[in-house]
Amino acid sequence: MKKYIYRLINKLGYKIENRKHLLNKEMSYLSKFNIDVNLDLLYRARVYIKRIDQFYPDLKIKNHLNGFIFIFSEVSIFVESPEEIFIISEVFVEYDYKFLTQEKCIVIDIGANISISSLFFSRLDYVEKIYSFEPVPETYLQAKQNLALNSKISKVVALNNFGLGKNNRSEVFIFNKEMKGNTGIRGLLSPSYAANLNNLIEVEVVIRDASEVISTIVKDHKDKKIVVKMDCEGAEYEIFENISKSSVIKDIAFFMIEWHDKGPKEIEQLLQKANFSCFSRNLGPNSGMIYAFKN
């Protein structure tokens with residue numbers, strides 16, 4: 001009877017694949033990396049691994065601590081969750097932060113996470129120095145480890161264990177090490193955190209006044225173009241309010257901003273008021289990217 005049903009479904013143009021067969025097929029693909037522990041992590045991230053593998057045929061994966069080191073194109077990145085493998089794909093395959101310029105520039109990486117974006121910028125010839133900011137202590141330590149793994153190519157001159165915002169203060173974030181990239185002031189507005197309430201802990205972080213910090217970097221590099229990448233889980237709105245009031249926004253040449261929850265309009269209006277042209281694209285129902293350059 002089962003064979004008859006399968007034949008009928010095939011005649012109608014559909015196909016049923018046995019779940020066990022699919023599992024074996026995926027595990028067979030992952031076996032090329034010669035990994036024999038922590039396979040569940042790789043299996044959950046297999047879609048992103050395939051993307052990276054297709055783009056970087058030299059991809060190697062090595063066991064390291066409770067995760068893996070992904071090695072490709074002279075870059076080594078320690079990851080310990082599927083989310084971090086997704087971010088490698090987002091940054092190194094989909095090129096969310098790729099920009100072009102004929103001038104030497106300084107990159108300010110606000111929301112450095114585990115340094116994936118900073119390592120991407122380090123490979124660009126026209127990037128001279130990178131200043132990175134990651135407030136969550138555990139994430140900061142992993143970012144520091146990734147920079148150490150890439151000491152020959154890293155252009156990060158300062159990895160700061162504090163975030164940027166509207167003022168100097170301490171803040172408490174909710175945190176899940178499986179989803180470090182969702183940590184910020186938006187808290188449970190993150191769908192990933194809202195769906196995993198039992199696995200959250202609280203961490204105390206330090207926030208510094210964005211205008212004060214950025215103006216110091218600008219003063220040290222008056223002859224260079226300043227580029228800002230911002231992915232700080234909801235803090236982007238208060239940062240833009242802060243740098244607009246102080247006029248520091250006018251010292252920036254180019255922005256790459258991921259917005260969350262409130263939409264792009266508020267930030268776009270501040271950018272346009274400061275004489276920037278900008279365009280946006282949605283990444284999902286509650287997040288998207290804004291790219292802005294000074295006219």
# chains A, B, ... in the order shown; residues from 1 in each chain; ligands from 1

call {"tool": "residues_around", "arguments": {"residues": "Phe33 (chain A)", "least_positions_apart": "4", "cutoff": "10 Å", "atoms": "only C-alpha atoms", "output": "list in words"}}
result
Ser28, Tyr29, Leu59, Lys60, Ile61 and Lys62 of chain A

call {"tool": "write_last_selection", "arguments": {"atoms": "C-alpha atoms", "output": "PDB file, in the first residue's frame"}}
result
ATOM      1  CA  SER A  28      27.293  12.543   4.840  1.00  0.00           C
ATOM      2  CA  TYR A  29      27.961  16.070   3.594  1.00  0.00           C
ATOM      3  CA  LEU A  59      36.780  25.998   4.097  1.00  0.00           C
ATOM      4  CA  LYS A  60      38.106  23.873   6.957  1.00  0.00           C
ATOM      5  CA  ILE A  61      36.385  23.236  10.294  1.00  0.00           C
ATOM      6  CA  LYS A  62      38.343  22.240  13.385  1.00  0.00           C
TER       7      LYS A  62
END

call {"tool": "residues_around", "arguments": {"residues": "region 124-132 of chain A", "least_positions_apart": "2", "cutoff": "10 Å", "atoms": "only C-alpha atoms", "output": "PyMOL selection string"}}
result
chain A and resi 98-113+115+117-122+134+140+143+154-163+214+217+221+224-229

call {"tool": "closest_residue", "arguments": {"among": "A:Ile85, A:Ile239, A:Val47, A:Leu41", "to": "Asn168 (chain A)", "atoms": "only C-alpha atoms"}}
result
A:Ile239

call {"tool": "closest_residue", "arguments": {"among": "A:Lys250, A:Glu138, A:Tyr237, A:Phe68", "to": "Glu202 (chain A)", "atoms": "only C-alpha atoms"}}
result
A:Glu138

call {"tool": "atom_distance", "arguments": {"atom1": "CA of Pro82 (chain A)", "atom2": "CA of Arg44 (chain A)"}}
result
6.3 Å

call {"tool": "select_by_dssp", "arguments": {"residues": "region 152-273 of chain A", "states": "alpha helix (DSSP H)", "output": "PyMOL selection string"}}
result
chain A and resi 191-194+210-220+236-245+265-273

call {"tool": "closest_residue", "arguments": {"among": "A:Ala253, A:Pro137, A:Leu270, A:Ser211", "to": "Asp223 (chain A)", "atoms": "only C-alpha atoms"}}
result
A:Ala253

call {"tool": "residues_around", "arguments": {"residues": "Asp40 (chain A)", "least_positions_apart": "5", "cutoff": "10 Å", "atoms": "only C-alpha atoms", "output": "VMD selection string"}}
result
chain A and resid 27 45 to 46 82

call {"tool": "residues_around", "arguments": {"residues": "region 273-286 of chain A", "least_positions_apart": "6", "cutoff": "12 Å", "atoms": "only C-alpha atoms", "output": "PyMOL selection string"}}
result
chain A and resi 90+96+186+189-191+233-234+240-241+243-267+292-295

call {"tool": "select_by_dssp", "arguments": {"residues": "region 44-156 of chain A", "states": "strand (DSSP E)", "output": "ChimeraX atom specification"}}
result
/A:60-64,67-72,75-79,105-110,127-133,156

call {"tool": "write_last_selection", "arguments": {"atoms": "N, CA and C atoms", "output": "CSV table (one decimal), in the first residue's frame"}}
result
chain,number,residue,atom,x,y,z
A,60,LYS,N,37.8,25.0,6.0
A,60,LYS,CA,38.1,23.9,7.0
A,60,LYS,C,37.4,24.2,8.3
A,61,ILE,N,37.0,23.1,9.0
A,61,ILE,CA,36.4,23.2,10.3
A,61,ILE,C,37.1,22.4,11.3
A,62,LYS,N,37.6,23.0,12.4
A,62,LYS,CA,38.3,22.2,13.4
A,62,LYS,C,37.7,22.4,14.7
A,63,ASN,N,37.7,21.3,15.5
A,63,ASN,CA,37.2,21.3,16.9
A,63,ASN,C,38.0,22.3,17.7
A,64,HIS,N,37.3,23.1,18.6
A,64,HIS,CA,38.0,24.0,19.5
A,64,HIS,C,37.1,24.2,20.7
A,67,GLY,N,33.2,24.4,20.7
A,67,GLY,CA,32.7,24.8,19.4
A,67,GLY,C,33.7,24.5,18.3
A,68,PHE,N,33.8,25.3,17.3
A,68,PHE,CA,34.7,25.1,16.2
A,68,PHE,C,35.4,26.3,15.7
A,69,ILE,N,36.5,26.1,15.1
A,69,ILE,CA,37.2,27.2,14.3
A,69,ILE,C,36.9,27.0,12.9
A,70,PHE,N,36.3,28.0,12.2
A,70,PHE,CA,36.1,28.0,10.8
A,70,PHE,C,37.3,28.7,10.2
A,71,ILE,N,37.9,28.0,9.2
A,71,ILE,CA,39.1,28.6,8.6
A,71,ILE,C,38.9,28.7,7.1
A,72,PHE,N,39.0,29.9,6.5
A,72,PHE,CA,38.8,30.1,5.1
A,72,PHE,C,39.4,31.4,4.7
A,75,VAL,N,41.3,33.5,7.1
A,75,VAL,CA,40.6,34.0,8.3
A,75,VAL,C,40.3,32.8,9.1
A,76,SER,N,40.4,32.9,10.5
A,76,SER,CA,40.1,31.9,11.4
A,76,SER,C,39.1,32.5,12.4
A,77,ILE,N,37.9,31.8,12.6
A,77,ILE,CA,36.9,32.4,13.4
A,77,ILE,C,36.3,31.3,14.4
A,78,PHE,N,36.5,31.5,15.7
A,78,PHE,CA,36.0,30.6,16.7
A,78,PHE,C,34.5,30.8,16.9
A,79,VAL,N,33.7,29.8,16.7
A,79,VAL,CA,32.2,29.9,16.9
A,79,VAL,C,31.8,28.8,17.8
A,105,CYS,N,40.4,54.7,5.0
A,105,CYS,CA,39.3,55.1,5.9
A,105,CYS,C,39.5,54.4,7.3
A,106,ILE,N,38.8,54.9,8.3
A,106,ILE,CA,38.8,54.4,9.6
A,106,ILE,C,37.4,53.8,9.9
A,107,VAL,N,37.3,52.6,10.3
A,107,VAL,CA,36.0,52.0,10.6
A,107,VAL,C,35.7,51.9,12.1
A,108,ILE,N,34.5,52.4,12.5
A,108,ILE,CA,34.1,52.3,13.9
A,108,ILE,C,33.0,51.2,13.9
A,109,ASP,N,33.3,50.1,14.6
A,109,ASP,CA,32.4,48.9,14.6
A,109,ASP,C,31.6,48.9,15.9
A,110,ILE,N,30.4,49.4,15.9
A,110,ILE,CA,29.6,49.5,17.0
A,110,ILE,C,28.7,48.2,17.1
A,127,VAL,N,40.8,49.9,4.3
A,127,VAL,CA,40.6,50.1,5.7
A,127,VAL,C,41.9,50.2,6.4
A,128,GLU,N,42.2,51.3,7.1
A,128,GLU,CA,43.5,51.5,7.7
A,128,GLU,C,43.4,51.0,9.2
A,129,LYS,N,42.4,51.4,9.9
A,129,LYS,CA,42.3,51.0,11.3
A,129,LYS,C,40.8,50.8,11.7
A,130,ILE,N,40.6,49.9,12.7
A,130,ILE,CA,39.2,49.6,13.2
A,130,ILE,C,39.1,49.8,14.7
A,131,TYR,N,38.1,50.5,15.1
A,131,TYR,CA,37.8,50.7,16.5
A,131,TYR,C,36.5,49.9,16.8
A,132,SER,N,36.6,48.9,17.7
A,132,SER,CA,35.4,48.0,17.9
A,132,SER,C,34.9,48.2,19.3
A,133,PHE,N,33.5,48.0,19.4
A,133,PHE,CA,32.9,48.1,20.7
A,133,PHE,C,31.9,47.0,20.9
A,156,VAL,N,42.3,45.9,13.9
A,156,VAL,CA,41.6,46.4,15.1
A,156,VAL,C,42.7,47.0,16.1

call {"tool": "atom_distance", "arguments": {"atom1": "CA of Ser81 (chain A)", "atom2": "CA of Asn34 (chain A)"}}
result
18.5 Å
